[in-house]
Every structure is written in C-alpha cells, then in structure tokens.
>>> print(open('entry.pdb').read())   # PDB, C-alpha atoms
ATOM      1  CA  MET A   1       0.000   0.000   0.000  1.00  0.00           C
ATOM      2  CA  ASP A   2       1.367   3.389  -0.868  1.00  0.00           C
ATOM      3  CA  PRO A   3       2.343   5.847   1.895  1.00  0.00           C
ATOM      4  CA  LYS A   4      -0.479   8.286   1.107  1.00  0.00           C
ATOM      5  CA  LYS A   5      -3.123   5.574   1.578  1.00  0.00           C
ATOM      6  CA  LEU A   6      -1.427   4.328   4.734  1.00  0.00           C
ATOM      7  CA  GLU A   7      -1.516   7.866   6.146  1.00  0.00           C
ATOM      8  CA  HIS A   8      -5.233   8.071   5.275  1.00  0.00           C
ATOM      9  CA  PHE A   9      -6.013   4.835   7.124  1.00  0.00           C
ATOM     10  CA  LYS A  10      -3.822   5.860  10.053  1.00  0.00           C
ATOM     11  CA  ASN A  11      -5.844   9.080  10.339  1.00  0.00           C
ATOM     12  CA  LEU A  12      -9.129   7.130  10.179  1.00  0.00           C
ATOM     13  CA  LEU A  13      -7.932   4.849  12.967  1.00  0.00           C
ATOM     14  CA  LEU A  14      -6.703   7.722  15.129  1.00  0.00           C
ATOM     15  CA  GLU A  15      -9.994   9.599  14.701  1.00  0.00           C
ATOM     16  CA  LYS A  16     -11.996   6.483  15.570  1.00  0.00           C
ATOM     17  CA  ARG A  17      -9.789   5.905  18.616  1.00  0.00           C
ATOM     18  CA  GLN A  18     -10.286   9.496  19.781  1.00  0.00           C
ATOM     19  CA  ARG A  19     -14.099   9.253  19.421  1.00  0.00           C
ATOM     20  CA  ILE A  20     -14.168   6.100  21.547  1.00  0.00           C
ATOM     21  CA  ILE A  21     -11.996   7.654  24.248  1.00  0.00           C
ATOM     22  CA  GLN A  22     -14.278  10.710  24.339  1.00  0.00           C
ATOM     23  CA  GLU A  23     -17.323   8.425  24.750  1.00  0.00           C
ATOM     24  CA  VAL A  24     -15.645   6.620  27.626  1.00  0.00           C
ATOM     25  CA  ASP A  25     -14.887   9.962  29.290  1.00  0.00           C
ATOM     26  CA  ARG A  26     -18.527  11.034  28.888  1.00  0.00           C
ATOM     27  CA  THR A  27     -19.702   7.781  30.439  1.00  0.00           C
ATOM     28  CA  PHE A  28     -17.457   8.217  33.469  1.00  0.00           C
ATOM     29  CA  GLN A  29     -18.594  11.814  33.886  1.00  0.00           C
ATOM     30  CA  ALA A  30     -22.215  10.689  33.736  1.00  0.00           C
ATOM     31  CA  LEU A  31     -21.509   7.975  36.302  1.00  0.00           C
ATOM     32  CA  GLU A  32     -19.988  10.506  38.665  1.00  0.00           C
ATOM     33  CA  LYS A  33     -22.986  12.819  38.297  1.00  0.00           C
ATOM     34  CA  GLY A  34     -25.466   9.965  38.574  1.00  0.00           C
ATOM     35  CA  THR A  35     -24.402   8.872  42.031  1.00  0.00           C
ATOM     36  CA  GLU A  36     -27.081  10.960  43.716  1.00  0.00           C
ATOM     37  CA  HIS A  37     -29.361   9.175  46.113  1.00  0.00           C
ATOM     38  CA  LEU A  38     -32.476   7.810  44.423  1.00  0.00           C
ATOM     39  CA  SER A  39     -35.340   6.663  46.599  1.00  0.00           C
ATOM     40  CA  ASP A  40     -37.857   5.408  44.032  1.00  0.00           C
ATOM     41  CA  PRO A  41     -37.229   1.697  43.292  1.00  0.00           C
ATOM     42  CA  SER A  42     -38.244   2.099  39.644  1.00  0.00           C
ATOM     43  CA  ASP A  43     -35.773   4.980  39.215  1.00  0.00           C
ATOM     44  CA  ILE A  44     -33.043   2.861  40.781  1.00  0.00           C
ATOM     45  CA  ALA A  45     -33.903  -0.084  38.510  1.00  0.00           C
ATOM     46  CA  THR A  46     -33.872   2.152  35.436  1.00  0.00           C
ATOM     47  CA  MET A  47     -30.540   3.660  36.417  1.00  0.00           C
ATOM     48  CA  GLU A  48     -29.027   0.202  37.005  1.00  0.00           C
ATOM     49  CA  SER A  49     -30.354  -1.051  33.681  1.00  0.00           C
ATOM     50  CA  ASP A  50     -28.938   1.966  31.858  1.00  0.00           C
ATOM     51  CA  LEU A  51     -25.637   1.543  33.656  1.00  0.00           C
ATOM     52  CA  GLY A  52     -25.435  -2.129  32.669  1.00  0.00           C
ATOM     53  CA  PHE A  53     -26.094  -1.225  29.046  1.00  0.00           C
ATOM     54  CA  GLU A  54     -23.450   1.518  29.091  1.00  0.00           C
ATOM     55  CA  LEU A  55     -20.895  -0.802  30.653  1.00  0.00           C
ATOM     56  CA  ARG A  56     -21.526  -3.456  27.976  1.00  0.00           C
ATOM     57  CA  LEU A  57     -21.018  -0.802  25.309  1.00  0.00           C
ATOM     58  CA  ARG A  58     -17.799   0.368  26.930  1.00  0.00           C
ATOM     59  CA  ASP A  59     -16.542  -3.232  27.069  1.00  0.00           C
ATOM     60  CA  ARG A  60     -17.162  -3.595  23.332  1.00  0.00           C
ATOM     61  CA  GLU A  61     -15.374  -0.318  22.751  1.00  0.00           C
ATOM     62  CA  ARG A  62     -12.443  -1.483  24.891  1.00  0.00           C
ATOM     63  CA  LYS A  63     -12.085  -4.490  22.594  1.00  0.00           C
ATOM     64  CA  LEU A  64     -12.348  -2.219  19.561  1.00  0.00           C
ATOM     65  CA  LEU A  65      -9.591   0.001  20.966  1.00  0.00           C
ATOM     66  CA  LYS A  66      -7.314  -3.040  21.127  1.00  0.00           C
ATOM     67  CA  LYS A  67      -8.067  -3.792  17.464  1.00  0.00           C
ATOM     68  CA  ILE A  68      -7.389  -0.180  16.507  1.00  0.00           C
ATOM     69  CA  ASP A  69      -4.075  -0.209  18.373  1.00  0.00           C
ATOM     70  CA  LYS A  70      -3.143  -3.455  16.632  1.00  0.00           C
ATOM     71  CA  ALA A  71      -3.965  -1.900  13.229  1.00  0.00           C
ATOM     72  CA  LEU A  72      -1.858   1.163  14.055  1.00  0.00           C
ATOM     73  CA  GLN A  73       1.016  -1.117  15.019  1.00  0.00           C
ATOM     74  CA  LYS A  74       0.639  -2.980  11.709  1.00  0.00           C
ATOM     75  CA  ILE A  75       0.898   0.328   9.854  1.00  0.00           C
ATOM     76  CA  GLU A  76       4.182   1.018  11.632  1.00  0.00           C
ATOM     77  CA  GLU A  77       5.444  -2.506  10.886  1.00  0.00           C
ATOM     78  CA  GLY A  78       4.407  -2.377   7.228  1.00  0.00           C
ATOM     79  CA  SER A  79       1.907  -5.245   7.389  1.00  0.00           C
ATOM     80  CA  TYR A  80      -1.324  -3.229   7.434  1.00  0.00           C
ATOM     81  CA  GLY A  81      -4.028  -4.284   4.993  1.00  0.00           C
ATOM     82  CA  ILE A  82      -2.890  -7.895   4.677  1.00  0.00           C
ATOM     83  CA  CYS A  83      -5.378 -10.628   5.596  1.00  0.00           C
ATOM     84  CA  GLU A  84      -4.163 -12.605   8.598  1.00  0.00           C
ATOM     85  CA  ALA A  85      -5.778 -15.792   7.281  1.00  0.00           C
ATOM     86  CA  CYS A  86      -4.891 -15.971   3.585  1.00  0.00           C
ATOM     87  CA  GLY A  87      -2.162 -13.346   3.206  1.00  0.00           C
ATOM     88  CA  GLU A  88      -3.979 -11.488   0.428  1.00  0.00           C
ATOM     89  CA  GLU A  89      -4.525  -7.743   0.453  1.00  0.00           C
ATOM     90  CA  ILE A  90      -7.710  -6.571   2.141  1.00  0.00           C
ATOM     91  CA  GLU A  91      -9.787  -4.493  -0.264  1.00  0.00           C
ATOM     92  CA  GLU A  92      -9.566  -0.754   0.351  1.00  0.00           C
ATOM     93  CA  LYS A  93     -13.363  -0.574   0.297  1.00  0.00           C
ATOM     94  CA  ARG A  94     -13.449  -2.892   3.326  1.00  0.00           C
ATOM     95  CA  LEU A  95     -10.716  -0.923   5.090  1.00  0.00           C
ATOM     96  CA  GLU A  96     -12.678   2.291   4.525  1.00  0.00           C
ATOM     97  CA  ALA A  97     -15.645   0.719   6.319  1.00  0.00           C
ATOM     98  CA  ARG A  98     -13.591  -1.087   9.001  1.00  0.00           C
ATOM     99  CA  PRO A  99     -10.042   0.252   9.076  1.00  0.00           C
ATOM    100  CA  GLU A 100      -9.227  -2.123  11.952  1.00  0.00           C
ATOM    101  CA  ALA A 101     -10.140  -5.187   9.829  1.00  0.00           C
ATOM    102  CA  THR A 102      -7.627  -8.035   9.926  1.00  0.00           C
ATOM    103  CA  LEU A 103      -9.383 -10.378   7.505  1.00  0.00           C
ATOM    104  CA  CYS A 104     -10.414  -9.952   3.879  1.00  0.00           C
ATOM    105  CA  ILE A 105     -14.135 -10.215   3.252  1.00  0.00           C
ATOM    106  CA  ARG A 106     -13.873 -13.807   1.975  1.00  0.00           C
ATOM    107  CA  CYS A 107     -12.025 -15.009   5.085  1.00  0.00           C
ATOM    108  CA  LYS A 108     -14.322 -13.014   7.387  1.00  0.00           C
ATOM    109  CA  ARG A 109     -17.400 -14.613   5.829  1.00  0.00           C
ATOM    110  CA  GLU A 110     -15.829 -18.035   6.272  1.00  0.00           C
ATOM    111  CA  GLN A 111     -15.032 -17.242   9.919  1.00  0.00           C
ATOM    112  CA  GLU A 112     -18.631 -16.139  10.530  1.00  0.00           C
ATOM    113  CA  ARG A 113     -19.981 -19.254   8.783  1.00  0.00           C
ATOM    114  CA  LEU A 114     -17.860 -21.501  11.012  1.00  0.00           C
ATOM    115  CA  GLU A 115     -18.917 -19.591  14.142  1.00  0.00           C
ATOM    116  CA  LYS A 116     -22.556 -20.030  13.137  1.00  0.00           C
ATOM    117  CA  LEU A 117     -22.047 -23.768  12.653  1.00  0.00           C
ATOM    118  CA  ARG A 118     -20.452 -24.032  16.115  1.00  0.00           C
ATOM    119  CA  GLY A 119     -23.311 -22.036  17.604  1.00  0.00           C
ATOM    120  CA  GLU A 120     -21.190 -19.109  18.802  1.00  0.00           C
TER     121      GLU A 120
END
>>> encode(input="entry.pdb", output="structure tokens")
Amino acid sequence: MDPKKLEHFKNLLLEKRQRIIQEVDRTFQALEKGTEHLSDPSDIATMESDLGFELRLRDRERKLLKKIDKALQKIEEGSYGICEACGEEIEEKRLEARPEATLCIRCKREQERLEKLRGE
C-alpha cells in the first residue's frame, strides 16, 4: 500500500480511537454525576439497567480500541491491509468501512460461517 493511503487509514484509525476515548470519558462523567441518592425503586432499577447497558457498550469499545491499536502497530510494521488468514490484500473498500479489519471479506465470511455452525 502506498504511503499516502497508509496515512489516510492511520488518520481514520486515530480519529476512531479518539471518538471512543471521548465516549468513555462522557460515560465516566455521567456515572460521577449519577451517584445521587435515588429513593424510588423504579428509578433505581432504570438507572441500574442503563448503567449495565453503558458498561456493555464500553466493554465492546475497549475491545475495539485493542483492534485499533493493533492496526496502528501494523501500519508502523508495514503489514497493514494484509489478511491474517490468507495473506492477500484486504480491499480498500473494506478498510474504509472497518479500518481495523484483519481479515479480507472472503475469510471473514468463512469465519462467521464456522462460528454459526459451532453455535457461537
């Protein structure tokens, strides 16, 4: 991949990383503000439900941050955009949609098919 394209994907990854970190910061700020004493059981239940949902989202984002960091490392190493399964180049169209992708679309579909068969 040429240096100009690599720089483009690096910028996409860095922007995505920054958005996630800002969301995490907002969640923690909301948690700090939301520690007021609630007396109504339904309000408490709603707050706990919302908190559980937010924490699940943040966990997914934590995993995504790891993938983004791995993609950034691959850019530095010169192996970005290469499918980890078959060794072929990942289409730029796919990288535009998911710049942290590690598999080409063919290998990703195969992975998903096998996961479905195993019931994952």
>>> closest_residue(input="entry.pdb", among="A:Glu84, A:Glu100, A:Asp2, A:Asp40", to="A:Leu64", atoms="only C-alpha atoms")
A:Glu100
>>> resolve_selection(input="entry.pdb", expression="the PyMOL selection byres ((chain A and resi 81) around 10)", output="list in words")
Met1, Leu6, Phe9, Ala71, Lys74, Ile75, Gly78, Ser79, Tyr80, Ile82, Cys83, Glu84, Gly87, Glu88, Glu89, Ile90, Glu91, Glu92, Arg94, Leu95, Pro99, Glu100, Ala101, Thr102, Leu103 and Cys104 of chain A
>>> atom_distance(input="entry.pdb", atom1="atom CA of A:Glu76", atom2="atom CA of A:Cys107")
23.7 Å
>>> atom_distance(input="entry.pdb", atom1="atom CA of A:Ala97", atom2="atom CA of A:His8")
12.8 Å
>>> atom_distance(input="entry.pdb", atom1="atom CA of A:Glu54", atom2="atom CA of A:Gln22")
13.8 Å
>>> resolve_selection(input="entry.pdb", expression="the PyMOL selection byres ((chain A and resi 61) around 12)", output="PDB file with C-alpha atoms, keeping the file's coordinate frame")
ATOM      1  CA  LYS A  16     -11.996   6.483  15.570  1.00  0.00           C
ATOM      2  CA  ARG A  17      -9.789   5.905  18.616  1.00  0.00           C
ATOM      3  CA  GLN A  18     -10.286   9.496  19.781  1.00  0.00           C
ATOM      4  CA  ARG A  19     -14.099   9.253  19.421  1.00  0.00           C
ATOM      5  CA  ILE A  20     -14.168   6.100  21.547  1.00  0.00           C
ATOM      6  CA  ILE A  21     -11.996   7.654  24.248  1.00  0.00           C
ATOM      7  CA  GLN A  22     -14.278  10.710  24.339  1.00  0.00           C
ATOM      8  CA  GLU A  23     -17.323   8.425  24.750  1.00  0.00           C
ATOM      9  CA  VAL A  24     -15.645   6.620  27.626  1.00  0.00           C
ATOM     10  CA  THR A  27     -19.702   7.781  30.439  1.00  0.00           C
ATOM     11  CA  GLU A  54     -23.450   1.518  29.091  1.00  0.00           C
ATOM     12  CA  LEU A  55     -20.895  -0.802  30.653  1.00  0.00           C
ATOM     13  CA  ARG A  56     -21.526  -3.456  27.976  1.00  0.00           C
ATOM     14  CA  LEU A  57     -21.018  -0.802  25.309  1.00  0.00           C
ATOM     15  CA  ARG A  58     -17.799   0.368  26.930  1.00  0.00           C
ATOM     16  CA  ASP A  59     -16.542  -3.232  27.069  1.00  0.00           C
ATOM     17  CA  ARG A  60     -17.162  -3.595  23.332  1.00  0.00           C
ATOM     18  CA  ARG A  62     -12.443  -1.483  24.891  1.00  0.00           C
ATOM     19  CA  LYS A  63     -12.085  -4.490  22.594  1.00  0.00           C
ATOM     20  CA  LEU A  64     -12.348  -2.219  19.561  1.00  0.00           C
ATOM     21  CA  LEU A  65      -9.591   0.001  20.966  1.00  0.00           C
ATOM     22  CA  LYS A  66      -7.314  -3.040  21.127  1.00  0.00           C
ATOM     23  CA  LYS A  67      -8.067  -3.792  17.464  1.00  0.00           C
ATOM     24  CA  ILE A  68      -7.389  -0.180  16.507  1.00  0.00           C
TER      25      ILE A  68
END
>>> build_atoms(input="entry.pdb", residues="stretch 53-86 of chain A", atoms="N, CA and C atoms", output="PDB file, in the frame of the given file")
ATOM      1  N   PHE A  53     -26.181  -1.390  30.500  1.00  0.00           N
ATOM      2  CA  PHE A  53     -26.094  -1.225  29.046  1.00  0.00           C
ATOM      3  C   PHE A  53     -24.849  -0.424  28.668  1.00  0.00           C
ATOM      4  N   GLU A  54     -24.623   0.671  29.356  1.00  0.00           N
ATOM      5  CA  GLU A  54     -23.450   1.518  29.091  1.00  0.00           C
ATOM      6  C   GLU A  54     -22.156   0.748  29.311  1.00  0.00           C
ATOM      7  N   LEU A  55     -22.111  -0.041  30.363  1.00  0.00           N
ATOM      8  CA  LEU A  55     -20.895  -0.802  30.653  1.00  0.00           C
ATOM      9  C   LEU A  55     -20.638  -1.867  29.588  1.00  0.00           C
ATOM     10  N   ARG A  56     -21.700  -2.491  29.065  1.00  0.00           N
ATOM     11  CA  ARG A  56     -21.526  -3.456  27.976  1.00  0.00           C
ATOM     12  C   ARG A  56     -20.996  -2.759  26.726  1.00  0.00           C
ATOM     13  N   LEU A  57     -21.520  -1.572  26.450  1.00  0.00           N
ATOM     14  CA  LEU A  57     -21.018  -0.802  25.309  1.00  0.00           C
ATOM     15  C   LEU A  57     -19.550  -0.452  25.488  1.00  0.00           C
ATOM     16  N   ARG A  58     -19.190  -0.008  26.676  1.00  0.00           N
ATOM     17  CA  ARG A  58     -17.799   0.368  26.930  1.00  0.00           C
ATOM     18  C   ARG A  58     -16.876  -0.845  26.810  1.00  0.00           C
ATOM     19  N   ASP A  59     -17.353  -2.025  27.202  1.00  0.00           N
ATOM     20  CA  ASP A  59     -16.542  -3.232  27.069  1.00  0.00           C
ATOM     21  C   ASP A  59     -16.302  -3.543  25.594  1.00  0.00           C
ATOM     22  N   ARG A  60     -17.326  -3.393  24.773  1.00  0.00           N
ATOM     23  CA  ARG A  60     -17.162  -3.595  23.332  1.00  0.00           C
ATOM     24  C   ARG A  60     -16.177  -2.585  22.769  1.00  0.00           C
ATOM     25  N   GLU A  61     -16.276  -1.360  23.231  1.00  0.00           N
ATOM     26  CA  GLU A  61     -15.374  -0.318  22.751  1.00  0.00           C
ATOM     27  C   GLU A  61     -13.936  -0.574  23.214  1.00  0.00           C
ATOM     28  N   ARG A  62     -13.781  -1.132  24.404  1.00  0.00           N
ATOM     29  CA  ARG A  62     -12.443  -1.483  24.891  1.00  0.00           C
ATOM     30  C   ARG A  62     -11.809  -2.506  23.955  1.00  0.00           C
ATOM     31  N   LYS A  63     -12.590  -3.486  23.535  1.00  0.00           N
ATOM     32  CA  LYS A  63     -12.085  -4.490  22.594  1.00  0.00           C
ATOM     33  C   LYS A  63     -11.755  -3.852  21.248  1.00  0.00           C
ATOM     34  N   LEU A  64     -12.596  -2.911  20.819  1.00  0.00           N
ATOM     35  CA  LEU A  64     -12.348  -2.219  19.561  1.00  0.00           C
ATOM     36  C   LEU A  64     -11.074  -1.384  19.642  1.00  0.00           C
ATOM     37  N   LEU A  65     -10.827  -0.769  20.790  1.00  0.00           N
ATOM     38  CA  LEU A  65      -9.591   0.001  20.966  1.00  0.00           C
ATOM     39  C   LEU A  65      -8.358  -0.890  20.792  1.00  0.00           C
ATOM     40  N   LYS A  66      -8.428  -2.103  21.291  1.00  0.00           N
ATOM     41  CA  LYS A  66      -7.314  -3.040  21.127  1.00  0.00           C
ATOM     42  C   LYS A  66      -7.086  -3.345  19.642  1.00  0.00           C
ATOM     43  N   LYS A  67      -8.182  -3.520  18.898  1.00  0.00           N
ATOM     44  CA  LYS A  67      -8.067  -3.792  17.464  1.00  0.00           C
ATOM     45  C   LYS A  67      -7.486  -2.583  16.726  1.00  0.00           C
ATOM     46  N   ILE A  68      -7.909  -1.399  17.129  1.00  0.00           N
ATOM     47  CA  ILE A  68      -7.389  -0.180  16.507  1.00  0.00           C
ATOM     48  C   ILE A  68      -5.896  -0.051  16.788  1.00  0.00           C
ATOM     49  N   ASP A  69      -5.496  -0.278  18.027  1.00  0.00           N
ATOM     50  CA  ASP A  69      -4.075  -0.209  18.373  1.00  0.00           C
ATOM     51  C   ASP A  69      -3.260  -1.235  17.590  1.00  0.00           C
ATOM     52  N   LYS A  70      -3.826  -2.413  17.409  1.00  0.00           N
ATOM     53  CA  LYS A  70      -3.143  -3.455  16.632  1.00  0.00           C
ATOM     54  C   LYS A  70      -2.991  -3.007  15.173  1.00  0.00           C
ATOM     55  N   ALA A  71      -4.033  -2.383  14.613  1.00  0.00           N
ATOM     56  CA  ALA A  71      -3.965  -1.900  13.229  1.00  0.00           C
ATOM     57  C   ALA A  71      -2.917  -0.802  13.100  1.00  0.00           C
ATOM     58  N   LEU A  72      -2.870   0.102  14.079  1.00  0.00           N
ATOM     59  CA  LEU A  72      -1.858   1.163  14.055  1.00  0.00           C
ATOM     60  C   LEU A  72      -0.447   0.584  14.125  1.00  0.00           C
ATOM     61  N   GLN A  73      -0.289  -0.451  14.919  1.00  0.00           N
ATOM     62  CA  GLN A  73       1.016  -1.117  15.019  1.00  0.00           C
ATOM     63  C   GLN A  73       1.378  -1.757  13.679  1.00  0.00           C
ATOM     64  N   LYS A  74       0.390  -2.352  13.014  1.00  0.00           N
ATOM     65  CA  LYS A  74       0.639  -2.980  11.709  1.00  0.00           C
ATOM     66  C   LYS A  74       1.057  -1.938  10.675  1.00  0.00           C
ATOM     67  N   ILE A  75       0.486  -0.742  10.766  1.00  0.00           N
ATOM     68  CA  ILE A  75       0.898   0.328   9.854  1.00  0.00           C
ATOM     69  C   ILE A  75       2.380   0.620  10.061  1.00  0.00           C
ATOM     70  N   GLU A  76       2.785   0.734  11.321  1.00  0.00           N
ATOM     71  CA  GLU A  76       4.182   1.018  11.632  1.00  0.00           C
ATOM     72  C   GLU A  76       5.112  -0.115  11.171  1.00  0.00           C
ATOM     73  N   GLU A  77       4.631  -1.347  11.259  1.00  0.00           N
ATOM     74  CA  GLU A  77       5.444  -2.506  10.886  1.00  0.00           C
ATOM     75  C   GLU A  77       5.446  -2.779   9.383  1.00  0.00           C
ATOM     76  N   GLY A  78       4.489  -2.163   8.672  1.00  0.00           N
ATOM     77  CA  GLY A  78       4.407  -2.377   7.228  1.00  0.00           C
ATOM     78  C   GLY A  78       3.565  -3.564   6.816  1.00  0.00           C
ATOM     79  N   SER A  79       2.739  -4.084   7.723  1.00  0.00           N
ATOM     80  CA  SER A  79       1.907  -5.245   7.389  1.00  0.00           C
ATOM     81  C   SER A  79       0.414  -4.915   7.379  1.00  0.00           C
ATOM     82  N   TYR A  80       0.090  -3.635   7.411  1.00  0.00           N
ATOM     83  CA  TYR A  80      -1.324  -3.229   7.434  1.00  0.00           C
ATOM     84  C   TYR A  80      -1.995  -3.556   6.100  1.00  0.00           C
ATOM     85  N   GLY A  81      -3.238  -4.016   6.188  1.00  0.00           N
ATOM     86  CA  GLY A  81      -4.028  -4.284   4.993  1.00  0.00           C
ATOM     87  C   GLY A  81      -3.819  -5.666   4.408  1.00  0.00           C
ATOM     88  N   ILE A  82      -3.124  -6.525   5.124  1.00  0.00           N
ATOM     89  CA  ILE A  82      -2.890  -7.895   4.677  1.00  0.00           C
ATOM     90  C   ILE A  82      -3.736  -8.822   5.538  1.00  0.00           C
ATOM     91  N   CYS A  83      -4.503  -9.684   4.891  1.00  0.00           N
ATOM     92  CA  CYS A  83      -5.378 -10.628   5.596  1.00  0.00           C
ATOM     93  C   CYS A  83      -4.535 -11.585   6.429  1.00  0.00           C
ATOM     94  N   GLU A  84      -4.901 -11.723   7.691  1.00  0.00           N
ATOM     95  CA  GLU A  84      -4.163 -12.605   8.598  1.00  0.00           C
ATOM     96  C   GLU A  84      -4.407 -14.083   8.305  1.00  0.00           C
ATOM     97  N   ALA A  85      -5.468 -14.393   7.559  1.00  0.00           N
ATOM     98  CA  ALA A  85      -5.778 -15.792   7.281  1.00  0.00           C
ATOM     99  C   ALA A  85      -5.167 -16.276   5.966  1.00  0.00           C
ATOM    100  N   CYS A  86      -5.342 -15.501   4.900  1.00  0.00           N
ATOM    101  CA  CYS A  86      -4.891 -15.971   3.585  1.00  0.00           C
ATOM    102  C   CYS A  86      -3.677 -15.224   3.041  1.00  0.00           C
TER     103      CYS A  86
END
